[in-house]
Amino acid sequence: MRLVLKSLLGGIVVAAGLVWALPQWAPAQAVQWVAPDNQGLTGVFAPNQSLSGLSLIPVGAAPEHVACDSNKTLYTSLDDGQVLSRAAADNQWRLLGNTGGRPLGLRSDGSGGLFIADAIKGLLHIDTTGHVTTIADSMGGQPLKFVDDLDIDDRGRIYFSDASQRFDYSQVALDFFEGSRTGRLLRFDPVTQDIEVIISGLFFANGVTLGPNDDYVLVNETGMGRVHRLWLAGERAGQQDIFIDALPGTPDNIRFDGLDTFWIAMPSLRASLDAMAPWPRLRALLSFLPIHLLEAAAEPASFVIGVNLQGEVIYNLQDQGNAFHYITGATPCNDTLYLGSLRTDAIGLLPIP
């Protein structure tokens, strides 16, 4: 009996030792972080059914984002690398080209082509013939692991996010379970061909957009539920502040309407992410699980907000019962808002309120 108890005790000690030691070999080297304020769906974020009137445009698997140009031509990209365009005149999708990666953020070049933030291939350009040119896929000899979104100023400089230096597009969940904040906002200068880091230490750097007159640039920090602003011109040039924070969702892409509103898509709610913030060892152990199980911890939402130039919420568009959910991009084009999603095979459209 004493031998049995001794063996059992020894087994418990070994198992406890393994549980204690395992995190150091975990895929996610989780660190502790403090969750920001989160009041949930209350106040200006109160639930509603504003998105219940969405119309859908079938296109194909996972149209993450939509861009449009001055001719009202729409552009989107799919999870197999296809880049598609749809002229206003015929309403038919045509294949513009294929990046061979995973194109995410899109911006019109004004001539029928696109600048593309490709999570796998880097910063790209595709012309009207479908020819793809790589603008940047590394920095300082190190590959850009996760190029996510972009915008371009009047001087042709490209502001783009590098979501994570630790994990790539196939490992998004691991970045959130780790919390190591390696995201960056970068700027590419076409004259010098140089790339510089202009904001670092972001918990998953995501959507990027320039403000009025290129006075400042905004970048979404998804893991912290907030939007950073870096002033580029005027007396405040070089200063950085928070444009809006304490968002109850995870801000993905952001787009300026050119006048007075920034549209922010939030594909999921923050509650489950915040709950794990104080438990790095648990997050490290959970990171041994398959990625698809980690992704199941997210709380998908149908959620878009419009924010004015003062960082105040002026539009709150929701419909948490809508099958069109996990909205990753909201692009204003004339009087219509076009919505992208990683969990649908269509683009949503809604008249701008």
# chains A, B, ... in the order shown; residues from 1 in each chain; ligands from 1
$ residues_around --residues "Tyr216 (chain A)" --least-positions-apart "2" --cutoff "10 Å" --atoms "only C-alpha atoms" --output "list in words"
Thr209, Leu210, Gly211, Pro212, Asn213, Asp214, Leu218, Arg229, Leu230, Trp231, Leu232, Ala233, Gly234, Arg236, Ala237, Gly238, Gln239 and Gln240 of chain A
$ write_last_selection --atoms "C-alpha atoms" --output "mmCIF file, in the first residue's frame"
data_model
loop_
_atom_site.group_PDB
_atom_site.id
_atom_site.type_symbol
_atom_site.label_atom_id
_atom_site.label_comp_id
_atom_site.auth_asym_id
_atom_site.auth_seq_id
_atom_site.Cartn_x
_atom_site.Cartn_y
_atom_site.Cartn_z
ATOM 1 C CA THR A 209 -6.100 55.379 -42.727
ATOM 2 C CA LEU A 210 -4.960 58.966 -43.199
ATOM 3 C CA GLY A 211 -6.981 61.862 -41.812
ATOM 4 C CA PRO A 212 -8.050 65.123 -43.498
ATOM 5 C CA ASN A 213 -5.291 66.743 -45.582
ATOM 6 C CA ASP A 214 -2.901 63.974 -44.458
ATOM 7 C CA LEU A 218 -4.628 56.383 -37.634
ATOM 8 C CA ARG A 229 -3.100 58.721 -33.979
ATOM 9 C CA LEU A 230 0.266 60.038 -35.157
ATOM 10 C CA TRP A 231 0.334 63.670 -36.231
ATOM 11 C CA LEU A 232 2.195 64.250 -39.493
ATOM 12 C CA ALA A 233 1.794 67.995 -40.053
ATOM 13 C CA GLY A 234 1.310 71.263 -38.189
ATOM 14 C CA ARG A 236 1.729 68.708 -33.367
ATOM 15 C CA ALA A 237 3.792 66.888 -36.025
ATOM 16 C CA GLY A 238 5.534 63.880 -34.498
ATOM 17 C CA GLN A 239 3.195 63.675 -31.511
ATOM 18 C CA GLN A 240 1.201 60.520 -30.814
#
$ residues_around --residues "region 157-170 of chain A" --least-positions-apart "5" --cutoff "7 Å" --atoms "only C-alpha atoms" --output "ChimeraX atom specification"
/A:119,144-152,175,182-190,204-206,208
$ write_last_selection --atoms "C-alpha atoms" --output "mmCIF file, in the first residue's frame"
data_model
loop_
_atom_site.group_PDB
_atom_site.id
_atom_site.type_symbol
_atom_site.label_atom_id
_atom_site.label_comp_id
_atom_site.auth_asym_id
_atom_site.auth_seq_id
_atom_site.Cartn_x
_atom_site.Cartn_y
_atom_site.Cartn_z
ATOM 1 C CA ALA A 119 -0.319 39.138 -45.346
ATOM 2 C CA LEU A 144 7.733 41.287 -43.108
ATOM 3 C CA LYS A 145 5.724 38.556 -41.440
ATOM 4 C CA PHE A 146 2.179 39.950 -41.560
ATOM 5 C CA VAL A 147 1.448 43.017 -43.725
ATOM 6 C CA ASP A 148 -2.166 43.887 -42.975
ATOM 7 C CA ASP A 149 -3.461 47.258 -44.249
ATOM 8 C CA LEU A 150 -2.301 50.479 -45.908
ATOM 9 C CA ASP A 151 -3.008 54.020 -47.016
ATOM 10 C CA ILE A 152 -1.148 56.418 -49.308
ATOM 11 C CA ASP A 175 -0.641 36.489 -31.302
ATOM 12 C CA THR A 182 5.175 43.292 -31.685
ATOM 13 C CA GLY A 183 2.862 45.052 -34.181
ATOM 14 C CA ARG A 184 4.114 48.145 -36.015
ATOM 15 C CA LEU A 185 3.042 50.982 -38.267
ATOM 16 C CA LEU A 186 5.562 51.452 -41.077
ATOM 17 C CA ARG A 187 6.074 54.028 -43.813
ATOM 18 C CA PHE A 188 7.547 53.349 -47.251
ATOM 19 C CA ASP A 189 9.053 56.241 -49.218
ATOM 20 C CA PRO A 190 9.004 55.572 -52.990
ATOM 21 C CA PHE A 204 -1.781 43.415 -33.315
ATOM 22 C CA ALA A 205 -1.503 46.424 -35.651
ATOM 23 C CA ASN A 206 -4.404 46.413 -38.066
ATOM 24 C CA VAL A 208 -4.640 52.140 -41.392
#
$ select_by_dssp --residues "region 59-210 of chain A" --states "helix (DSSP H, G or I)" --output "short mmCIF file (atom, residue, chain, number, x, y, z; two decimals) with C-alpha atoms, in the first residue's frame"
data_model
loop_
_atom_site.label_atom_id
_atom_site.label_comp_id
_atom_site.auth_asym_id
_atom_site.auth_seq_id
_atom_site.Cartn_x
_atom_site.Cartn_y
_atom_site.Cartn_z
CA TYR A 169 -1.58 34.98 -41.17
CA SER A 170 -2.17 31.29 -40.41
CA GLN A 171 -1.42 31.85 -36.71
CA VAL A 172 -3.49 34.95 -35.87
CA ALA A 173 -4.93 33.44 -32.68
CA LEU A 174 -1.46 32.78 -31.27
CA ASP A 175 -0.64 36.49 -31.30
CA PHE A 176 -3.67 37.19 -29.12
CA PHE A 177 -2.87 34.31 -26.76
CA GLU A 178 0.72 35.53 -26.44
#
$ atom_distance --atom1 "CA of Phe324 (chain A)" --atom2 "CA of Thr344 (chain A)"
6.7 Å
$ closest_residue --among "A:Thr336, A:Thr331, A:Gln193, A:Ser180" --to "Asn253 (chain A)" --atoms "only C-alpha atoms"
A:Thr331
$ residues_around --residues "Pro278 (chain A)" --least-positions-apart "6" --cutoff "8 Å" --atoms "only C-alpha atoms" --output "PDB file with N, CA and C atoms, in the first residue's frame"
ATOM      1  N   GLN A  32       1.776  38.616 -19.393  1.00  0.00           N
ATOM      2  CA  GLN A  32       0.616  39.223 -18.745  1.00  0.00           C
ATOM      3  C   GLN A  32       0.392  40.627 -19.295  1.00  0.00           C
ATOM      4  N   TRP A  33      -0.860  40.990 -19.464  1.00  0.00           N
ATOM      5  CA  TRP A  33      -1.197  42.349 -19.882  1.00  0.00           C
ATOM      6  C   TRP A  33      -2.493  42.757 -19.180  1.00  0.00           C
ATOM      7  N   VAL A  34      -2.698  44.044 -19.103  1.00  0.00           N
ATOM      8  CA  VAL A  34      -3.871  44.568 -18.395  1.00  0.00           C
ATOM      9  C   VAL A  34      -4.944  44.939 -19.411  1.00  0.00           C
TER      10      VAL A  34
END
$ decode --residues "region 58-84 of chain A" --atoms "C-alpha atoms" --output "compact mmCIF listing (two decimals), in the first residue's frame"
# COMPACT_ATOMS: atom_id res chain seq x y z
CA PRO A 58 -22.05 37.19 -53.88
CA VAL A 59 -18.34 37.09 -54.65
CA GLY A 60 -16.48 34.10 -53.17
CA ALA A 61 -14.79 32.94 -50.00
CA ALA A 62 -13.77 35.49 -47.37
CA PRO A 63 -13.82 38.93 -49.03
CA GLU A 64 -11.89 40.58 -46.18
CA HIS A 65 -12.03 44.11 -47.52
CA VAL A 66 -13.52 46.27 -50.28
CA ALA A 67 -12.00 49.24 -52.10
CA CYS A 68 -13.56 51.57 -54.63
CA ASP A 69 -12.29 54.23 -57.03
CA SER A 70 -13.63 57.46 -58.49
CA ASN A 71 -15.42 55.48 -61.24
CA LYS A 72 -17.38 53.53 -58.59
CA THR A 73 -15.50 50.36 -59.52
CA LEU A 74 -15.37 47.95 -56.60
CA TYR A 75 -12.38 45.76 -55.73
CA THR A 76 -12.06 42.90 -53.29
CA SER A 77 -9.83 39.90 -52.62
CA LEU A 78 -10.42 36.29 -51.61
CA ASP A 79 -8.60 33.79 -49.42
CA ASP A 80 -7.04 32.02 -52.42
CA GLY A 81 -5.18 35.17 -53.52
CA GLN A 82 -7.63 36.33 -56.17
CA VAL A 83 -8.10 40.06 -56.64
CA LEU A 84 -11.43 40.96 -58.28
